[in-house]
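Structure file query.cif; described as mmCIF, C-alpha atoms.
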data_work
#
loop_
_atom_site.label_atom_id
_atom_site.label_comp_id
_atom_site.auth_asym_id
_atom_site.auth_seq_id
_atom_site.Cartn_x
_atom_site.Cartn_y
_atom_site.Cartn_z
CA MET W 1 -59.30 -1.77 80.50
CA THR W 2 -58.14 -0.49 77.15
CA GLY W 3 -60.59 1.40 74.99
CA ALA W 4 -64.16 2.46 75.59
CA VAL W 5 -66.80 -0.14 76.25
CA ARG W 6 -68.67 -0.69 72.97
CA VAL W 7 -72.40 -1.01 73.64
CA ALA W 8 -75.43 -1.78 71.49
CA VAL W 9 -79.00 -1.27 72.72
CA LEU W 10 -81.96 -3.30 71.48
CA THR W 11 -85.49 -2.26 72.40
CA VAL W 12 -87.82 -5.24 72.17
CA SER W 13 -91.34 -3.89 71.58
CA ASP W 14 -94.02 -4.73 69.04
CA ARG W 15 -95.70 -1.33 69.42
CA SER W 16 -92.50 0.68 69.06
CA PHE W 17 -91.40 -1.47 66.13
CA ARG W 18 -94.72 -0.76 64.37
CA GLY W 19 -94.39 2.98 65.11
CA GLU W 20 -97.43 3.01 67.41
CA ARG W 21 -95.38 4.15 70.42
CA GLU W 22 -92.17 6.16 70.64
CA ASP W 23 -89.19 4.17 71.89
CA LEU W 24 -88.20 5.87 75.13
CA GLY W 25 -86.39 2.88 76.64
CA GLY W 26 -83.61 2.49 74.09
CA PRO W 27 -82.52 6.14 74.17
CA ALA W 28 -82.73 6.19 78.00
CA VAL W 29 -80.54 3.07 78.26
CA ALA W 30 -78.07 4.46 75.69
CA ALA W 31 -77.78 7.73 77.63
CA ALA W 32 -77.31 5.83 80.90
CA ALA W 33 -74.60 3.63 79.32
CA ARG W 34 -72.75 6.74 78.18
CA ARG W 35 -73.09 8.34 81.63
CA LEU W 36 -72.33 5.29 83.77
CA LEU W 37 -69.75 3.50 81.61
CA ALA W 38 -68.40 6.24 79.35
CA ALA W 39 -69.56 3.80 76.68
CA GLU W 40 -69.38 4.18 72.94
CA VAL W 41 -72.95 3.36 71.91
CA VAL W 42 -72.59 1.95 68.41
CA GLU W 43 -76.22 1.05 67.74
CA VAL W 44 -79.71 1.68 69.13
CA LYS W 45 -82.38 -0.40 67.38
CA VAL W 46 -86.01 -1.42 67.89
CA VAL W 47 -87.05 -5.00 67.15
CA PRO W 48 -90.39 -6.79 67.53
CA ASP W 49 -91.19 -9.28 70.29
CA GLU W 50 -90.23 -12.17 68.02
CA LYS W 51 -87.71 -14.72 69.22
CA ASP W 52 -86.12 -15.20 65.79
CA ASP W 53 -85.61 -11.45 65.29
CA ILE W 54 -84.08 -11.04 68.74
CA VAL W 55 -81.78 -14.03 68.19
CA TRP W 56 -80.69 -12.69 64.80
CA HIS W 57 -79.78 -9.26 66.19
CA LEU W 58 -78.02 -10.60 69.30
CA THR W 59 -75.96 -12.94 67.13
CA ARG W 60 -75.15 -10.18 64.62
CA LEU W 61 -74.09 -7.73 67.34
CA ALA W 62 -71.87 -10.27 69.11
CA ASP W 63 -70.38 -12.09 66.13
CA ASN W 64 -70.20 -9.40 63.41
CA VAL W 65 -70.29 -5.99 65.10
CA HIS W 66 -68.18 -7.27 68.03
CA VAL W 67 -69.72 -5.06 70.71
CA ASP W 68 -68.62 -5.63 74.30
CA VAL W 69 -72.13 -5.39 75.76
CA VAL W 70 -75.62 -5.70 74.32
CA LEU W 71 -78.27 -4.15 76.54
CA THR W 72 -81.83 -5.12 75.71
CA THR W 73 -84.87 -3.37 77.12
CA GLY W 74 -88.29 -4.98 77.02
CA GLY W 75 -89.73 -8.43 76.74
CA THR W 76 -88.79 -9.57 80.27
CA GLY W 77 -92.25 -9.73 81.79
CA ILE W 78 -94.57 -12.70 82.04
CA SER W 79 -96.93 -12.04 79.14
CA VAL W 80 -97.06 -14.48 76.25
CA ARG W 81 -95.17 -12.04 73.96
CA ASP W 82 -92.28 -11.57 76.43
CA VAL W 83 -89.59 -13.79 74.89
CA THR W 84 -86.37 -11.80 75.33
CA PRO W 85 -84.87 -14.08 78.03
CA GLU W 86 -85.62 -17.20 75.98
CA ALA W 87 -84.04 -15.65 72.87
CA THR W 88 -80.99 -14.62 74.87
CA ARG W 89 -80.60 -18.04 76.50
CA SER W 90 -80.60 -19.62 73.05
CA VAL W 91 -77.57 -17.61 71.87
CA VAL W 92 -75.31 -17.37 74.92
CA GLY W 93 -72.72 -19.91 75.93
CA PHE W 94 -73.22 -19.39 79.64
CA GLU W 95 -75.28 -17.40 82.12
CA VAL W 96 -74.06 -14.68 84.52
CA PRO W 97 -76.76 -15.02 87.21
CA GLY W 98 -75.33 -12.48 89.65
CA LEU W 99 -76.20 -9.60 87.33
CA ALA W 100 -79.87 -10.58 87.08
CA GLU W 101 -80.01 -11.23 90.82
CA ALA W 102 -78.56 -7.77 91.55
CA MET W 103 -81.02 -6.06 89.21
CA ARG W 104 -84.06 -7.76 90.75
CA ALA W 105 -82.82 -7.08 94.29
CA ALA W 106 -82.31 -3.38 93.52
CA SER W 107 -85.74 -3.06 91.91
CA ARG W 108 -87.73 -5.05 94.43
CA ALA W 109 -87.38 -2.49 97.25
CA ALA W 110 -89.05 0.24 95.17
CA LEU W 111 -91.50 -1.95 93.26
CA PRO W 112 -92.65 -5.29 94.72
CA ALA W 113 -93.88 -6.43 91.27
CA ALA W 114 -90.24 -6.29 90.11
CA MET W 115 -89.88 -9.86 91.34
CA LEU W 116 -91.97 -10.85 88.31
CA SER W 117 -89.37 -9.45 85.93
CA ARG W 118 -87.22 -12.02 84.18
CA GLN W 119 -83.94 -10.18 83.69
CA PHE W 120 -81.21 -12.41 82.34
CA ALA W 121 -77.52 -12.00 81.55
CA GLY W 122 -75.12 -14.24 79.69
CA VAL W 123 -72.08 -14.30 77.44
CA ARG W 124 -71.78 -15.07 73.75
CA GLY W 125 -68.14 -15.25 72.72
CA LYS W 126 -66.66 -12.03 74.07
CA THR W 127 -69.98 -10.18 74.34
CA LEU W 128 -72.01 -9.76 77.52
CA VAL W 129 -75.76 -9.66 76.90
CA VAL W 130 -77.95 -8.12 79.61
CA ASN W 131 -81.76 -8.10 79.50
CA LEU W 132 -83.20 -5.02 81.21
CA PRO W 133 -86.90 -4.38 81.90
CA GLY W 134 -89.05 -2.49 79.39
CA SER W 135 -89.86 0.53 81.54
CA PRO W 136 -87.33 3.27 80.80
CA LYS W 137 -87.07 4.13 84.50
CA GLY W 138 -86.73 0.47 85.50
CA ALA W 139 -84.19 -0.23 82.77
CA VAL W 140 -81.97 2.67 83.83
CA GLU W 141 -82.27 1.73 87.52
CA CYS W 142 -81.27 -1.85 86.73
CA LEU W 143 -78.31 -0.68 84.67
CA GLU W 144 -77.27 1.57 87.57
CA ALA W 145 -77.43 -1.46 89.89
CA ILE W 146 -74.87 -3.42 87.83
CA ALA W 147 -72.79 -0.69 86.19
CA ALA W 148 -69.90 -0.95 88.65
CA ALA W 149 -69.28 -4.58 87.65
CA LEU W 150 -69.49 -4.15 83.88
CA PRO W 151 -66.02 -2.67 83.13
CA HIS W 152 -64.37 -5.60 84.93
CA ALA W 153 -66.60 -8.07 83.08
CA VAL W 154 -65.66 -6.49 79.76
CA ALA W 155 -61.96 -6.51 80.65
CA MET W 156 -62.21 -10.21 81.52
CA LEU W 157 -64.02 -11.02 78.26
CA ARG W 158 -61.40 -9.07 76.30
CA GLY W 159 -58.68 -11.10 78.04
CA GLU W 160 -57.18 -8.02 79.66
CA VAL W 161 -57.45 -9.40 83.21
CA GLY W 162 -57.68 -12.87 84.68
CA ASP W 163 -60.54 -14.15 86.77
CA ALA W 164 -58.44 -14.61 89.91
CA HIS W 165 -59.32 -12.39 92.85
CA PRO W 166 -56.71 -10.91 95.18
CA VAL W 167 -56.46 -12.49 98.60
CA ARG W 168 -58.28 -10.36 101.14
CA GLY W 169 -57.13 -9.72 104.66
CA GLY W 170 -53.51 -10.78 104.12
CA GLY W 171 -54.35 -14.48 104.38
CA ALA W 172 -52.41 -17.38 102.91
#
Can you turn what I pasted into structure tokens?
Amino acid sequence: MTGAVRVAVLTVSDRSFRGEREDLGGPAVAAAARRLLAAEVVEVKVVPDEKDDIVWHLTRLADNVHVDVVLTTGGTGISVRDVTPEATRSVVGFEVPGLAEAMRAASRAALPAAMLSRQFAGVRGKTLVVNLPGSPKGAVECLEAIAAALPHAVAMLRGEVGDAHPVRGGGA
């Protein structure tokens, strides 16, 4: 893969957006992206739990800023204000279900309630969007669970590698 992975982080939180609570999730995810992916973090922003705001920022980051990966933290629970997956679904062209499955599987062993989390991942153009949970610890653990696959995903989206897999075991 040529060049550093360009990452943007969106924290989705009404309270942090209003300044009632410090955003700990966004900085934790940004630090983890730097550590795990040697990423260039180009933006860390807090937005409210409003579908239109989330959609606007995801679209801007993919279409105008041209980041490789947008990592969101927050808004993936089951409360009425948790709309991050719906916003993401509305802007991506297709889903990447294996990433969400891996995150939930990794979290479930430590926290049975993790099965209630609605992580989602999909692609808009050449940008991978991954919804992480709102807890800073949970968000970083979920990013750790999928980090090994992200450089290959980015290389594929950049057109640097094909999607064919080498034949294993010397078969046909």
Item to complete: Report as a VMD selection string the full result of the PyMOL selection byres ((chain W and resi 98-106) around 10) when it is applied to this structure.
Response: chain W and resid 95 to 97 107 to 122 130 to 133 138 to 139 141 to 147 149 to 150
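Pairwise distance (CA of Asp49 (chain W), CA of Leu157 (chain W)) equals 28.4 Å.
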Discussion item. Here's the selection I'm unsure about, the PyMOL selection byres ((chain W and resi 42) around 7); applied to the file above, which residues does it give, as JSON, numbers by chain?
Written reply: {"W": [6, 7, 8, 40, 41, 43]}
Discussion item. Can you spell out as a count of residues only the set of residues that the PyMOL selection byres ((chain W and resi 24) around 10) selects in the structure I just provided?
Written reply: 14
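Ranking W:Ala33, W:Val12, W:Val65, W:Ala153 by their shortest atom-to-atom distance to Gly77 (chain W), with all atoms listed in the file included, puts W:Val12 first.
You can rank W:Val5, W:Ala155, W:Ala38, W:Val91 by their closest distance to Asp63 (chain W) using all atoms listed in the file, and at the top of that list sits W:Val91.
One distance worth recording is that between CA of Asp14 (chain W) and CA of Ile54 (chain W), which is 11.8 Å.
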Worksheet, complete the sentence: A straight line from CA of Leu58 (chain W) to CA of Arg89 (chain W) spans 10.7 Å
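Distance annotation: of W:Arg60, W:Arg34, W:Lys45, W:Arg18, the residue with the minimal separation from Thr72 (chain W) is W:Lys45; atom set is all atoms listed in the file.
In terms of minimum interatomic distance to Ser90 (chain W), W:Val55 ranks closest within W:Leu61, W:Val154, W:Val67, W:Val55, counting all atoms listed in the file.
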Worksheet entry | Selected residue of minimal separation from Leu37 (chain W) among W:Lys126, W:Arg158, W:His152, W:His66, counting all atoms listed in the file | W:His152
